[in-house]
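> If you scroll down you'll find the structure; I have some questions about it.
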Amino acid sequence: MVHASCGHPGSYNYQGHDIMPTNIDQFYGQTDPTTGTGEWNRQRFLIEQQILALNTSMPVEVMKVTAGGVGPVGFVDIKILVSLVTGDDMTIDHGIIPNVPYVRIQGGENAVIIDPAVGDMGLACFCSRDITSVKNARAAAPPGSRRSYDFSDCVYTGGILNKAPTQYIQFTAGGILVHSANGVSVGDTAATVRRLVDERMVAFYNAHTHTSGGAGIPVTPMDVNQLTTLTKAN
């Protein structure tokens with residue numbers, strides 16, 4: 001809380017320190033020279049203050065990630081990046097908003113899993129009703145309270161103002177690029193090795209005569225059916 005100080009005219013006291021406004025001749029907060037002039041301007045100011053209490057969306061930073069991976073969508077703790085400013089131009093940082101659900105691209109049991117990481121910046125959207133019960137039940141539920149557009153009822157959508165990636169899938173007009181410094185692994189749920197040999201690769205191999213030790217001995221490929229099921233290339 002900001003308290004008036006008796007030590008200096010026009011100064012305020014915050015946590016034991018006198019703070020001078022940037023310009024004591026200016027109006028504080030959202031007030032302007034017309035705010036108190038006439039009933040309509042006073043009513044307009046009150047309406048604007050109510051509108052400003054409605055949270056819509058804000059850029060945030062991820063401070064903690066809980067769960068995720070191959071499992072139900074997890075949660076993050078976030079911090080709003082646009083600081084609070086008092087009427088006398090003091091800047092105050094926001095606190096941490098815990099247990100915020102984040103967005104995953106998923107349809108049924110099919111998903112693209114890219115969990116947030118600490119330090120990521122993204123967008124938080126604030127719901128018009130209390131979503132606590134829905135978060136706990138992961139199903140339809142009545143609101144947990146009568147609050148609306150509250151910081152506590154946000155969802156993290158992710159993905160703004162972040163640094164350049166080092167591992168990625170890039171879709172371009174010329175094709176799709178998959179890049180990873182640590183290699184690419186393909187999950188397997190059926191065969192030991194699946195779809196490793198393209199039918200055109202086999203045809204290309206069989207169209208050539210290979211030699212061993214200069215003796216002109218043809219080298220025939222092993223039965224690829226022992227390794228994999230062939231797939232037709234596009």
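All residue names refer to the structure tokens as shown: chains lettered A, B, ... in order, residues numbered from 1 in each chain, ligands numbered from 1 in order.
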Among the residues of range 46-86 of chain A, find those DSSP assigns to alpha helix (DSSP H) from the backbone and print them as a VMD selection string.
chain A and resid 46 to 52
> When you count only C-alpha atoms, which of these residues is closest to Ile114 in chain A: A:Pro165, A:Gly183, A:Gly69, A:Gly38?
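Closest candidate: A:Gly69.
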> Restricting the calculation to only C-alpha atoms, which member of A:Gly36, A:Gly29, A:Gly158, A:Gly68 is positioned closest to Leu52 in chain A?
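Among A:Gly36, A:Gly29, A:Gly158, A:Gly68, it is A:Gly29 that comes nearest to Leu52 in chain A.
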> Once you count only C-alpha atoms, what closest atom pair and distance in Å to one decimal does each residue of range 59-88 of chain A within 12 Å of range 130-148 of chain A have, with rows by chain and rising residue number, as CSV?

residue,atom,partner,partner_atom,distance
A:Pro72,CA,A:Arg138,CA,9.9
A:Val73,CA,A:Arg138,CA,10.2
A:Gly74,CA,A:Lys135,CA,10.5
A:Phe75,CA,A:Lys135,CA,9.9
> CA of Thr91 in chain A and CA of Asn41 in chain A, how far apart in Å?
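Value for the CA of Asn41 in chain A-CA of Thr91 in chain A distance: 27.6 Å.
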> I'd like the interatomic distance between CA of Gly95 in chain A and CA of Ser128 in chain A, to a tenth of an Å.
20.8 Å
> Suppose you want the space between CA of Ile105 in chain A and CA of Tyr149 in chain A; what is it in Å?
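Interatomic distance, CA of Ile105 in chain A to CA of Tyr149 in chain A: 24.4 Å.
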> Could you give me, as a PyMOL selection string, the residues within 12 Å of Phe151 in chain A, counting only C-alpha atoms and dropping anything in the same chain fewer than 6 positions from it?
chain A and resi 53-58+60+78-80+94-100+124-132
> Which residues are near Lys163 in chain A? Cut-off 12 Å, only C-alpha atoms, ignore same chain within fewer than 4 positions. Put them as a ChimeraX atom specification.
/A:119-122,159,167
